[in-house]
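*Asks:* Contents of entry37.txt (compact mmCIF, C-alpha atoms) are below:
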```txt
# COMPACT_ATOMS: atom_id res chain seq x y z
CA MET A 1 1.01 -14.13 -1.37
CA ASN A 2 0.14 -17.46 -2.88
CA ASN A 3 -2.95 -18.70 -4.72
CA LEU A 4 -4.69 -19.87 -1.57
CA SER A 5 -4.20 -16.62 0.30
CA THR A 6 -5.38 -14.60 -2.71
CA ILE A 7 -8.49 -16.75 -3.12
CA VAL A 8 -9.45 -16.60 0.56
CA LYS A 9 -8.94 -12.85 0.75
CA SER A 10 -10.97 -12.37 -2.42
CA LEU A 11 -13.82 -14.56 -1.16
CA ARG A 12 -13.86 -12.76 2.18
CA LYS A 13 -14.10 -9.39 0.47
CA GLN A 14 -16.74 -10.68 -1.95
CA PHE A 15 -18.86 -11.60 1.08
CA ASN A 16 -18.13 -8.17 2.64
CA MET A 17 -16.58 -9.72 5.74
CA THR A 18 -13.78 -8.61 8.01
CA GLN A 19 -11.10 -11.06 9.03
CA GLU A 20 -12.68 -11.15 12.47
CA GLU A 21 -16.11 -12.03 11.07
CA LEU A 22 -14.61 -14.80 8.92
CA SER A 23 -12.78 -16.12 11.95
CA VAL A 24 -15.96 -16.36 14.00
CA LYS A 25 -18.18 -17.72 11.23
CA SER A 26 -15.70 -20.36 10.06
CA GLY A 27 -14.64 -21.38 13.57
CA VAL A 28 -10.92 -20.72 13.21
CA GLY A 29 -8.82 -18.19 15.08
CA LEU A 30 -8.27 -14.65 13.91
CA ARG A 31 -4.51 -15.21 13.87
CA PHE A 32 -5.04 -18.17 11.54
CA VAL A 33 -7.08 -16.07 9.09
CA ARG A 34 -4.40 -13.37 9.12
CA ASP A 35 -1.59 -15.88 8.62
CA LEU A 36 -3.44 -17.56 5.75
CA GLU A 37 -4.17 -14.28 3.98
CA GLN A 38 -0.54 -13.23 4.36
CA GLY A 39 0.60 -16.43 2.67
CA LYS A 40 2.22 -18.18 5.62
CA ALA A 41 3.92 -21.29 4.28
CA THR A 42 2.99 -23.63 7.13
CA LEU A 43 -0.66 -23.91 8.12
CA ARG A 44 -2.74 -26.75 9.51
CA LEU A 45 -4.56 -28.35 6.61
CA ASP A 46 -7.58 -29.27 8.75
CA LYS A 47 -8.07 -25.60 9.63
CA VAL A 48 -7.57 -24.54 6.01
CA ASN A 49 -10.33 -26.96 5.00
CA GLN A 50 -12.54 -25.78 7.87
CA LEU A 51 -12.26 -22.20 6.65
CA LEU A 52 -12.70 -23.14 2.99
CA ASP A 53 -15.79 -25.17 3.85
CA PHE A 54 -17.49 -21.95 4.94
CA PHE A 55 -17.26 -20.78 1.30
CA ASN A 56 -18.14 -24.27 -0.03
CA TYR A 57 -14.58 -24.81 -1.28
CA GLU A 58 -12.10 -27.59 -0.55
CA MET A 59 -8.41 -28.32 -0.98
CA VAL A 60 -7.68 -31.01 -3.54
CA PRO A 61 -4.40 -32.50 -4.68
CA SER A 62 -3.20 -31.35 -8.05
CA PRO A 63 -0.01 -31.82 -10.05
CA LYS A 64 2.70 -29.24 -9.67
CA ARG A 65 2.97 -26.68 -12.41
CA ASN A 66 6.21 -26.48 -14.33
CA LYS A 67 8.07 -23.30 -13.57
```
Just dump the structure as C-alpha cells.

*Replies:*
Amino acid sequence: MNNLSTIVKSLRKQFNMTQEELSVKSGVGLRFVRDLEQGKATLRLDKVNQLLDFFNYEMVPSPKRNK
C-alpha cells in the first residue's frame, strides 16, 4: 500500500462506507476503488481527484522525499 491508498481506505472507513457505497457516491467504478485501495501503481489522475473530491481532498504536487 502507498500513502494514497491508506488515506482513501481510512477516510472510507471513517465515513462507515463500503467500497461499493464510495464507488456510487463518488461516481467512479467499484474496480477503481478496489485498485486504488490496493495501491495499484497506475491510476487515472482525473478519477483519483474525482474520488478525493467526495472527501473534500485533492492531489497536489509535492517534492519527493529522500529515501

*Asks:* Measuring atom to atom with only C-alpha atoms, identify which of A:Phe32, A:Asn2, A:Ser26, A:Thr18 is nearest to A:Asp53.

*Replies:*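 Of the candidates, the smallest distance to A:Asp53 is held by A:Ser26.
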
*Asks:* Report the distance between atom CA of A:Asp46 and atom CA of A:Gly27 in Å, rounded to one decimal place.

*Replies:*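 So the answer is 11.6 Å.
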
*Asks:* Enter the distance from atom CA of A:Phe15 to atom CA of A:Leu30, in Å, rounded to one decimal.

*Replies:* 16.9 Å

*Asks:* Tell me which of A:Val48, A:Met59, A:Val28, A:Leu36 sits closest to A:Ser5, counting only C-alpha atoms.

*Replies:*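 Of all the options, A:Leu36 lies closest to A:Ser5.
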
*Asks:* Of the candidates A:Lys64, A:Gln19, A:Arg31, A:Lys13, which one gets nearest to A:Lys47 if we count all atoms listed in the file?

*Replies:*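 Looking at the shortest contact to A:Lys47, the residue is A:Arg31.
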
*Asks:* For A:Asn3, which of A:Pro61, A:Gln38, A:Gln50, A:Leu45 is the closest residue, counting all atoms listed in the file?

*Replies:* A:Gln38

*Asks:* May I ask which of the residues A:Gly39, A:Phe55, A:Asn49, A:Val33 is the closest one to A:Gln14, counting only C-alpha atoms?

*Replies:* A:Phe55

*Asks:* Find, counting only C-alpha atoms, the residue in A:Glu21, A:Lys40, A:Phe54, A:Gly29 that gets nearest to A:Thr6.

*Replies:*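 Smallest separation from A:Thr6 among the options: A:Lys40.
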
*Asks:* Just the number, please: distance in Å from atom CA of A:Pro63 to atom CA of A:Asp35, one decimal.

*Replies:*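 Here the two named atoms are 24.6 Å from each other.
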